[in-house]
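Dropping input.pdb in here (PDB, C-alpha atoms):
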ATOM      1  CA  MET W 645       1.322 -10.465   9.007  1.00  0.00           C
ATOM      2  CA  ASN W 646       2.833  -7.891   6.677  1.00  0.00           C
ATOM      3  CA  VAL W 647       0.513  -5.035   5.685  1.00  0.00           C
ATOM      4  CA  VAL W 648       1.096  -3.260   2.388  1.00  0.00           C
ATOM      5  CA  ILE W 649      -0.432   0.074   1.368  1.00  0.00           C
ATOM      6  CA  ARG W 650      -1.122   0.237  -2.361  1.00  0.00           C
ATOM      7  CA  ALA W 651      -3.167   2.236  -4.828  1.00  0.00           C
ATOM      8  CA  GLY W 652      -6.787   1.153  -5.039  1.00  0.00           C
ATOM      9  CA  ARG W 653      -8.305  -0.242  -8.212  1.00  0.00           C
ATOM     10  CA  ASP W 654     -11.614   0.836  -9.684  1.00  0.00           C
ATOM     11  CA  ASP W 655     -12.894  -2.786  -9.697  1.00  0.00           C
ATOM     12  CA  GLU W 656     -12.616  -3.118  -5.899  1.00  0.00           C
ATOM     13  CA  GLY W 657     -15.904  -1.418  -5.046  1.00  0.00           C
ATOM     14  CA  PRO W 658     -17.649  -4.529  -3.692  1.00  0.00           C
ATOM     15  CA  ARG W 659     -14.800  -5.348  -1.280  1.00  0.00           C
ATOM     16  CA  LEU W 660     -14.392  -1.714  -0.199  1.00  0.00           C
ATOM     17  CA  LYS W 661     -18.126  -1.570   0.500  1.00  0.00           C
ATOM     18  CA  GLU W 662     -17.871  -4.755   2.609  1.00  0.00           C
ATOM     19  CA  ILE W 663     -15.089  -3.195   4.671  1.00  0.00           C
ATOM     20  CA  ALA W 664     -17.073   0.028   5.166  1.00  0.00           C
ATOM     21  CA  ILE W 665     -20.152  -1.940   6.295  1.00  0.00           C
ATOM     22  CA  ALA W 666     -18.128  -4.066   8.713  1.00  0.00           C
ATOM     23  CA  ALA W 667     -16.311  -1.027  10.108  1.00  0.00           C
ATOM     24  CA  LYS W 668     -19.505   0.995  10.584  1.00  0.00           C
ATOM     25  CA  GLY W 669     -21.186  -2.028  12.164  1.00  0.00           C
ATOM     26  CA  PHE W 670     -18.290  -2.396  14.596  1.00  0.00           C
ATOM     27  CA  TRP W 671     -19.485   0.758  16.365  1.00  0.00           C
ATOM     28  CA  GLY W 672     -22.844  -0.794  17.234  1.00  0.00           C
ATOM     29  CA  TYR W 673     -25.035   0.835  14.633  1.00  0.00           C
ATOM     30  CA  GLU W 674     -28.190  -1.042  13.633  1.00  0.00           C
ATOM     31  CA  PRO W 675     -27.211  -3.508  10.835  1.00  0.00           C
ATOM     32  CA  GLN W 676     -30.163  -2.619   8.578  1.00  0.00           C
ATOM     33  CA  LYS W 677     -29.380   1.085   8.841  1.00  0.00           C
ATOM     34  CA  VAL W 678     -25.711   0.407   8.031  1.00  0.00           C
ATOM     35  CA  ARG W 679     -26.686  -1.574   4.918  1.00  0.00           C
ATOM     36  CA  GLU W 680     -29.050   1.199   3.804  1.00  0.00           C
ATOM     37  CA  TRP W 681     -26.271   3.747   4.332  1.00  0.00           C
ATOM     38  CA  ALA W 682     -23.823   1.651   2.287  1.00  0.00           C
ATOM     39  CA  ASP W 683     -26.365   1.089  -0.484  1.00  0.00           C
ATOM     40  CA  GLN W 684     -26.638   4.882  -0.858  1.00  0.00           C
ATOM     41  CA  GLY W 685     -22.862   5.090  -1.259  1.00  0.00           C
ATOM     42  CA  ASP W 686     -21.171   5.081  -4.593  1.00  0.00           C
ATOM     43  CA  PHE W 687     -18.665   2.249  -4.913  1.00  0.00           C
ATOM     44  CA  THR W 688     -18.812   2.132  -8.708  1.00  0.00           C
ATOM     45  CA  PRO W 689     -15.680   2.073 -10.850  1.00  0.00           C
ATOM     46  CA  ALA W 690     -16.561   5.566 -12.135  1.00  0.00           C
ATOM     47  CA  ARG W 691     -16.731   7.000  -8.607  1.00  0.00           C
ATOM     48  CA  LEU W 692     -13.552   5.234  -7.479  1.00  0.00           C
ATOM     49  CA  ARG W 693     -11.731   6.736 -10.483  1.00  0.00           C
ATOM     50  CA  GLU W 694     -12.788  10.211  -9.255  1.00  0.00           C
ATOM     51  CA  LEU W 695     -11.051   9.623  -5.923  1.00  0.00           C
ATOM     52  CA  VAL W 696      -7.482   8.871  -4.918  1.00  0.00           C
ATOM     53  CA  VAL W 697      -7.901   5.498  -3.212  1.00  0.00           C
ATOM     54  CA  PHE W 698      -5.368   3.622  -1.113  1.00  0.00           C
ATOM     55  CA  VAL W 699      -5.905   0.077   0.128  1.00  0.00           C
ATOM     56  CA  ALA W 700      -4.242  -1.694   3.051  1.00  0.00           C
ATOM     57  CA  GLU W 701      -3.680  -5.310   2.153  1.00  0.00           C
ATOM     58  CA  ALA W 702      -2.538  -8.312   4.187  1.00  0.00           C
ATOM     59  CA  GLY W 703      -1.983 -11.721   2.670  1.00  0.00           C
ATOM     60  CA  GLY W 704      -3.519 -10.566  -0.609  1.00  0.00           C
ATOM     61  CA  ASP W 705      -6.761  -9.459   1.082  1.00  0.00           C
ATOM     62  CA  ALA W 706      -7.940  -5.844   1.368  1.00  0.00           C
ATOM     63  CA  ILE W 707      -8.313  -5.061   5.093  1.00  0.00           C
ATOM     64  CA  GLY W 708      -8.784  -1.292   5.036  1.00  0.00           C
ATOM     65  CA  TRP W 709      -8.963   1.658   2.698  1.00  0.00           C
ATOM     66  CA  CYS W 710      -9.093   5.393   2.442  1.00  0.00           C
ATOM     67  CA  SER W 711      -9.911   7.921  -0.236  1.00  0.00           C
ATOM     68  CA  LEU W 712      -8.870  11.486  -0.882  1.00  0.00           C
ATOM     69  CA  ILE W 713     -10.347  14.351  -2.851  1.00  0.00           C
ATOM     70  CA  PRO W 714      -7.471  16.698  -3.742  1.00  0.00           C
ATOM     71  CA  LYS W 715      -8.576  20.329  -3.385  1.00  0.00           C
ATOM     72  CA  GLY W 716      -5.430  22.407  -3.605  1.00  0.00           C
ATOM     73  CA  GLU W 717      -4.121  23.641  -0.266  1.00  0.00           C
ATOM     74  CA  THR W 718      -6.932  21.906   1.646  1.00  0.00           C
ATOM     75  CA  SER W 719      -7.552  18.294   0.618  1.00  0.00           C
ATOM     76  CA  TRP W 720     -10.535  16.269   1.808  1.00  0.00           C
ATOM     77  CA  LEU W 721     -10.286  12.810   3.387  1.00  0.00           C
ATOM     78  CA  GLU W 722     -13.459  11.234   2.042  1.00  0.00           C
ATOM     79  CA  ASP W 723     -13.145   7.749   3.578  1.00  0.00           C
ATOM     80  CA  LEU W 724     -11.048   5.815   6.087  1.00  0.00           C
ATOM     81  CA  TRP W 725     -12.362   2.347   6.918  1.00  0.00           C
ATOM     82  CA  ILE W 726     -10.623  -0.555   8.624  1.00  0.00           C
ATOM     83  CA  HIS W 727     -12.057  -4.060   8.862  1.00  0.00           C
ATOM     84  CA  PRO W 728     -12.873  -4.768  12.541  1.00  0.00           C
ATOM     85  CA  ASP W 729     -10.380  -7.666  12.670  1.00  0.00           C
ATOM     86  CA  TRP W 730      -7.647  -5.085  12.044  1.00  0.00           C
ATOM     87  CA  ILE W 731      -8.832  -2.165  14.199  1.00  0.00           C
ATOM     88  CA  ALA W 732      -6.258  -1.079  16.826  1.00  0.00           C
ATOM     89  CA  ARG W 733      -3.427  -2.857  14.993  1.00  0.00           C
ATOM     90  CA  GLY W 734      -1.863   0.215  13.363  1.00  0.00           C
ATOM     91  CA  VAL W 735      -3.504  -0.141   9.957  1.00  0.00           C
ATOM     92  CA  GLY W 736      -5.581   3.020  10.312  1.00  0.00           C
ATOM     93  CA  THR W 737      -2.540   5.027  11.375  1.00  0.00           C
ATOM     94  CA  ARG W 738      -0.534   3.771   8.416  1.00  0.00           C
ATOM     95  CA  LEU W 739      -3.315   4.572   5.953  1.00  0.00           C
ATOM     96  CA  PHE W 740      -3.904   7.990   7.496  1.00  0.00           C
ATOM     97  CA  ARG W 741      -0.228   8.926   7.365  1.00  0.00           C
ATOM     98  CA  HIS W 742       0.077   7.607   3.828  1.00  0.00           C
ATOM     99  CA  VAL W 743      -2.838   9.657   2.507  1.00  0.00           C
ATOM    100  CA  ALA W 744      -1.656  12.757   4.413  1.00  0.00           C
ATOM    101  CA  GLN W 745       1.825  12.426   2.871  1.00  0.00           C
ATOM    102  CA  TYR W 746       0.243  11.990  -0.542  1.00  0.00           C
ATOM    103  CA  ALA W 747      -1.898  15.110  -0.070  1.00  0.00           C
ATOM    104  CA  ALA W 748       1.189  17.069   1.005  1.00  0.00           C
ATOM    105  CA  GLY W 749       2.946  15.894  -2.147  1.00  0.00           C
ATOM    106  CA  LEU W 750       0.100  17.421  -4.161  1.00  0.00           C
ATOM    107  CA  GLY W 751       0.597  20.751  -2.418  1.00  0.00           C
ATOM    108  CA  ALA W 752      -1.965  20.454   0.375  1.00  0.00           C
ATOM    109  CA  ARG W 753      -1.184  22.204   3.624  1.00  0.00           C
ATOM    110  CA  LEU W 754      -4.298  20.969   5.427  1.00  0.00           C
ATOM    111  CA  LEU W 755      -6.280  17.746   5.376  1.00  0.00           C
ATOM    112  CA  GLU W 756      -9.935  17.931   6.497  1.00  0.00           C
ATOM    113  CA  TRP W 757     -12.759  15.404   6.926  1.00  0.00           C
ATOM    114  CA  GLU W 758     -16.027  14.694   8.709  1.00  0.00           C
ATOM    115  CA  ALA W 759     -15.206  12.401  11.612  1.00  0.00           C
ATOM    116  CA  GLU W 760     -17.241   9.398  12.666  1.00  0.00           C
ATOM    117  CA  PRO W 761     -17.915  10.230  16.345  1.00  0.00           C
ATOM    118  CA  ASN W 762     -16.402   6.942  17.533  1.00  0.00           C
ATOM    119  CA  ALA W 763     -13.159   7.717  15.662  1.00  0.00           C
ATOM    120  CA  ILE W 764     -12.465  11.193  17.064  1.00  0.00           C
ATOM    121  CA  GLY W 765      -9.978   9.817  19.610  1.00  0.00           C
ATOM    122  CA  PHE W 766      -8.091   8.062  16.806  1.00  0.00           C
ATOM    123  CA  TYR W 767      -7.895  11.262  14.792  1.00  0.00           C
ATOM    124  CA  GLU W 768      -6.757  13.289  17.792  1.00  0.00           C
ATOM    125  CA  LYS W 769      -3.893  10.798  18.224  1.00  0.00           C
ATOM    126  CA  GLN W 770      -2.938  11.630  14.614  1.00  0.00           C
ATOM    127  CA  GLY W 771      -2.621  15.298  15.585  1.00  0.00           C
ATOM    128  CA  ALA W 772      -6.029  16.398  14.279  1.00  0.00           C
ATOM    129  CA  ARG W 773      -8.154  19.063  15.882  1.00  0.00           C
ATOM    130  CA  TYR W 774     -11.799  20.070  15.715  1.00  0.00           C
ATOM    131  CA  LEU W 775     -12.403  22.800  13.107  1.00  0.00           C
ATOM    132  CA  ARG W 776     -16.175  23.215  12.857  1.00  0.00           C
ATOM    133  CA  ASP W 777     -19.482  21.355  12.710  1.00  0.00           C
ATOM    134  CA  SER W 778     -20.646  19.730   9.491  1.00  0.00           C
ATOM    135  CA  ALA W 779     -24.000  20.046   7.854  1.00  0.00           C
ATOM    136  CA  VAL W 780     -26.550  17.520   9.139  1.00  0.00           C
ATOM    137  CA  SER W 781     -25.527  14.028   7.964  1.00  0.00           C
ATOM    138  CA  GLU W 782     -27.588  11.242   6.407  1.00  0.00           C
ATOM    139  CA  TRP W 783     -27.876   9.875   9.974  1.00  0.00           C
ATOM    140  CA  GLY W 784     -29.570  13.100  11.069  1.00  0.00           C
ATOM    141  CA  ARG W 785     -26.668  14.345  13.143  1.00  0.00           C
ATOM    142  CA  THR W 786     -23.968  16.965  12.977  1.00  0.00           C
ATOM    143  CA  LEU W 787     -20.413  15.653  12.692  1.00  0.00           C
ATOM    144  CA  ALA W 788     -17.158  17.224  13.755  1.00  0.00           C
ATOM    145  CA  VAL W 789     -15.080  18.439  10.832  1.00  0.00           C
ATOM    146  CA  MET W 790     -11.531  17.647  11.858  1.00  0.00           C
ATOM    147  CA  GLY W 791      -8.289  18.861  10.321  1.00  0.00           C
ATOM    148  CA  VAL W 792      -4.577  18.360  10.492  1.00  0.00           C
ATOM    149  CA  GLU W 793      -1.659  20.165   8.923  1.00  0.00           C
ATOM    150  CA  VAL W 794       0.248  17.964   6.507  1.00  0.00           C
ATOM    151  CA  PRO W 795       2.602  16.221   6.194  1.00  0.00           C
ATOM    152  CA  VAL W 796       1.873  14.005   9.207  1.00  0.00           C
ATOM    153  CA  GLY W 797       4.352  11.452  10.525  1.00  0.00           C
ATOM    154  CA  GLU W 798       6.406   9.206   8.334  1.00  0.00           C
ATOM    155  CA  PRO W 799       5.103   7.857   5.015  1.00  0.00           C
ATOM    156  CA  SER W 800       4.340   4.137   4.922  1.00  0.00           C
TER     157      SER W 800
END
Write the structure described by the file as C-alpha coordinates, please.
Amino acid sequence: MNVVIRAGRDDEGPRLKEIAIAAKGFWGYEPQKVREWADQGDFTPARLRELVVFVAEAGGDAIGWCSLIPKGETSWLEDLWIHPDWIARGVGTRLFRHVAQYAAGLGARLLEWEAEPNAIGFYEKQGARYLRDSAVSEWGRTLAVMGVEVPVGEPS
(Lines of atoms letter the chains of each structure in order from A and count residues from 1; the text may use other names and numbers.)
(Lines give C-alpha, C1' and ligand atoms only; values in the text may rest on other atoms or scores of the structure.)
Protein backbone atom coordinates (compact mmCIF):
# COMPACT_ATOMS: atom_id res chain seq x y z
CA MET A 1 0.00 0.00 0.00
CA ASN A 2 1.20 3.49 -0.84
CA VAL A 3 2.29 5.60 2.14
CA VAL A 4 2.08 9.37 1.89
CA ILE A 5 3.76 11.85 4.25
CA ARG A 6 1.68 14.98 4.73
CA ALA A 7 1.37 17.90 7.11
CA GLY A 8 -0.60 17.11 10.25
CA ARG A 9 -3.84 18.86 11.10
CA ASP A 10 -4.69 20.31 14.49
CA ASP A 11 -7.92 18.25 14.67
CA GLU A 12 -6.05 14.92 14.53
CA GLY A 13 -5.14 14.76 18.22
CA PRO A 14 -7.36 11.77 19.07
CA ARG A 15 -5.92 9.62 16.26
CA LEU A 16 -2.34 10.70 16.98
CA LYS A 17 -2.87 9.78 20.63
CA GLU A 18 -4.18 6.34 19.60
CA ILE A 19 -1.07 5.75 17.52
CA ALA A 20 1.22 6.84 20.37
CA ILE A 21 -0.57 4.51 22.81
CA ALA A 22 -0.40 1.57 20.41
CA ALA A 23 3.27 2.22 19.64
CA LYS A 24 4.26 2.55 23.30
CA GLY A 25 2.25 -0.57 24.13
CA PHE A 26 4.07 -2.49 21.41
CA TRP A 27 7.21 -2.42 23.56
CA GLY A 28 5.53 -4.34 26.38
CA TYR A 29 4.81 -1.52 28.78
CA GLU A 30 1.91 -2.03 31.20
CA PRO A 31 -1.29 -0.89 29.38
CA GLN A 32 -2.62 1.15 32.32
CA LYS A 33 0.68 3.00 32.66
CA VAL A 34 0.71 3.71 28.91
CA ARG A 35 -2.82 5.16 29.08
CA GLU A 36 -1.87 7.32 32.07
CA TRP A 37 1.21 8.53 30.18
CA ALA A 38 -0.90 9.39 27.11
CA ASP A 39 -3.54 11.14 29.21
CA GLN A 40 -0.81 13.45 30.54
CA GLY A 41 0.18 14.31 26.97
CA ASP A 42 -1.17 17.28 25.15
CA PHE A 43 -2.91 16.31 21.92
CA THR A 44 -5.10 19.41 21.80
CA PRO A 45 -5.45 21.51 18.66
CA ALA A 46 -3.61 24.36 20.43
CA ARG A 47 -0.61 22.15 21.22
CA LEU A 48 -0.53 20.60 17.74
CA ARG A 49 -0.47 24.12 16.25
CA GLU A 50 2.67 24.83 18.33
CA LEU A 51 4.49 21.91 16.71
CA VAL A 52 5.41 21.06 13.14
CA VAL A 53 3.54 17.78 12.67
CA PHE A 54 3.88 15.29 9.84
CA VAL A 55 1.59 12.30 9.41
CA ALA A 56 2.22 9.08 7.48
CA GLU A 57 -0.99 7.96 5.85
CA ALA A 58 -1.96 4.77 4.02
CA GLY A 59 -5.34 4.28 2.41
CA GLY A 60 -6.62 7.48 4.02
CA ASP A 61 -5.71 6.31 7.53
CA ALA A 62 -3.00 7.87 9.72
CA ILE A 63 -0.46 5.13 10.53
CA GLY A 64 2.37 7.14 12.06
CA TRP A 65 3.40 10.66 12.94
CA CYS A 66 6.19 12.85 14.12
CA SER A 67 6.53 16.36 15.47
CA LEU A 68 9.29 18.92 15.46
CA ILE A 69 10.10 21.94 17.58
CA PRO A 70 12.27 24.25 15.45
CA LYS A 71 15.05 25.78 17.58
CA GLY A 72 17.44 27.41 15.16
CA GLU A 73 20.59 25.41 14.46
CA THR A 74 19.48 22.58 16.77
CA SER A 75 15.88 21.44 16.26
CA TRP A 76 14.10 19.04 18.60
CA LEU A 77 12.27 15.90 17.46
CA GLU A 78 9.42 15.84 19.95
CA ASP A 79 7.57 12.72 18.74
CA LEU A 80 7.97 9.81 16.33
CA TRP A 81 5.30 7.12 16.64
CA ILE A 82 4.40 4.33 14.25
CA HIS A 83 1.35 2.10 14.62
CA PRO A 84 2.56 -1.45 15.42
CA ASP A 85 1.00 -2.84 12.21
CA TRP A 86 3.47 -0.64 10.31
CA ILE A 87 6.63 -1.01 12.41
CA ALA A 88 9.62 -2.36 10.42
CA ARG A 89 7.99 -1.47 7.09
CA GLY A 90 9.98 1.71 6.38
CA VAL A 91 7.40 4.20 7.64
CA GLY A 92 9.53 5.37 10.56
CA THR A 93 12.54 5.88 8.30
CA ARG A 94 10.48 7.90 5.84
CA LEU A 95 9.02 10.10 8.58
CA PHE A 96 12.42 10.56 10.22
CA ARG A 97 14.09 11.57 6.97
CA HIS A 98 11.21 13.86 6.08
CA VAL A 99 11.33 15.75 9.38
CA ALA A 100 15.15 15.94 9.26
CA GLN A 101 15.00 17.43 5.74
CA TYR A 102 12.37 19.89 6.92
CA ALA A 103 14.52 20.93 9.89
CA ALA A 104 17.51 21.41 7.57
CA GLY A 105 15.35 23.61 5.36
CA LEU A 106 14.69 25.81 8.40
CA GLY A 107 18.42 26.18 8.99
CA ALA A 108 18.99 23.40 11.52
CA ARG A 109 22.36 21.70 11.48
CA LEU A 110 21.50 19.19 14.21
CA LEU A 111 18.37 17.30 15.17
CA GLU A 112 18.12 16.06 18.78
CA TRP A 113 15.57 14.05 20.78
CA GLU A 114 15.08 11.82 23.81
CA ALA A 115 15.06 8.25 22.54
CA GLU A 116 12.68 5.54 23.68
CA PRO A 117 15.15 2.83 24.79
CA ASN A 118 13.60 0.24 22.47
CA ALA A 119 14.09 2.57 19.48
CA ILE A 120 17.80 3.33 19.90
CA GLY A 121 18.77 0.73 17.28
CA PHE A 122 16.37 2.35 14.80
CA TYR A 123 17.88 5.77 15.42
CA GLU A 124 21.42 4.46 15.09
CA LYS A 125 20.46 3.07 11.67
CA GLN A 126 19.43 6.65 10.77
CA GLY A 127 22.96 7.83 11.59
CA ALA A 128 22.19 9.14 15.08
CA ARG A 129 24.59 8.99 17.98
CA TYR A 130 24.31 9.28 21.74
CA LEU A 131 24.90 12.86 22.95
CA ARG A 132 24.06 12.88 26.65
CA ASP A 133 21.60 11.65 29.27
CA SER A 134 18.24 13.36 29.72
CA ALA A 135 16.69 14.54 32.92
CA VAL A 136 14.68 11.83 34.71
CA SER A 137 11.55 11.06 32.65
CA GLU A 138 7.93 10.66 33.72
CA TRP A 139 8.69 6.91 33.82
CA GLY A 140 11.39 7.53 36.44
CA ARG A 141 14.29 6.77 34.15
CA THR A 142 17.02 8.60 32.31
CA LEU A 143 16.80 8.52 28.52
CA ALA A 144 19.52 8.82 25.92
CA VAL A 145 19.47 12.15 24.11
CA MET A 146 20.36 11.24 20.55
CA GLY A 147 21.38 13.53 17.71
CA VAL A 148 22.10 13.52 14.03
CA GLU A 149 23.48 16.12 11.67
CA VAL A 150 20.94 17.17 9.06
CA PRO A 151 20.03 16.76 6.29
CA VAL A 152 19.70 12.97 6.53
CA GLY A 153 19.07 10.77 3.51
CA GLU A 154 16.66 11.62 0.77
CA PRO A 155 13.43 13.55 1.42
CA SER A 156 10.22 11.55 1.07
Please tabulate, as CSV, the residues of stretch 726-780 of chain W that come within 8 Å of stretch 684-705 of chain W, each with its closest pair of atoms and the distance in Å to one decimal, counting all atoms listed in the file and ordering rows by chain, then residue number upward.
residue,atom,partner,partner_atom,distance
W:Val735,CA,W:Ala700,CA,7.1
W:Leu739,CA,W:Ala700,CA,7.0
W:Val743,CA,W:Phe698,CA,7.5
- Query: Of the candidates W:Gly734, W:Gly751, W:Pro795, W:Gly771, which one gets nearest to W:Ile707 if we count all atoms listed in the file?
  - Reply: W:Gly734
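This file, filtered with the PyMOL selection byres ((chain W and resi 675-680) around 12), gives the residues Lys661, Glu662, Ile663, Ala664, Ile665, Ala666, Ala667, Lys668, Gly669, Phe670, Trp671, Gly672, Tyr673, Glu674, Trp681, Ala682, Asp683, Gln684, Gly685, Glu782 and Trp783 of chain W.
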- Task: Quick one: apply the PyMOL selection byres ((chain W and resi 717) around 7) to the file and drop the selected residues here as a VMD selection string.
- Result: chain W and resid 715 to 716 718 to 719 751 to 754
- Message: Set the distance at 7 Å and use all atoms listed in the file: which residues neighbour stretch 720-726 of chain W once local chain neighbours fewer than 2 positions away are removed? I'd like the list as a ChimeraX atom specification.
- Response: /W:663-664,667,707-715,718,728,730-731,736,755-757
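The set of residues that the PyMOL selection byres ((chain W and resi 789) around 9) takes from this file is W:Glu756, W:Trp757, W:Glu758, W:Ala759, W:Arg773, W:Tyr774, W:Leu775, W:Arg776, W:Asp777, W:Ser778, W:Leu787, W:Ala788, W:Met790, W:Gly791.
If you measure from each of W:Glu760, W:His742, W:Phe766, W:Thr737 to W:Ser781 using only C-alpha atoms, the closest one turns out to be W:Glu760.
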Could you put an axis-aligned box around every listed atom of stretch 785-790 of chain W, padded by 3 Å on each side, and send me its centre and edge lengths in Å to one decimal, as AutoDock Vina command-line options?
--center_x -19.1 --center_y 16.4 --center_z 12.3 --size_x 21.1 --size_y 10.1 --size_z 8.9
- Query: How many Å lie between atom CA of W:Arg733 and atom CA of W:Val792, rounded to one decimal?
  - Reply: 21.7 Å
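When all atoms listed in the file are used to measure the gap to W:Lys769, the shortest distance among W:Arg741, W:Gly749, W:Arg650, W:Gly657 belongs to W:Arg741.
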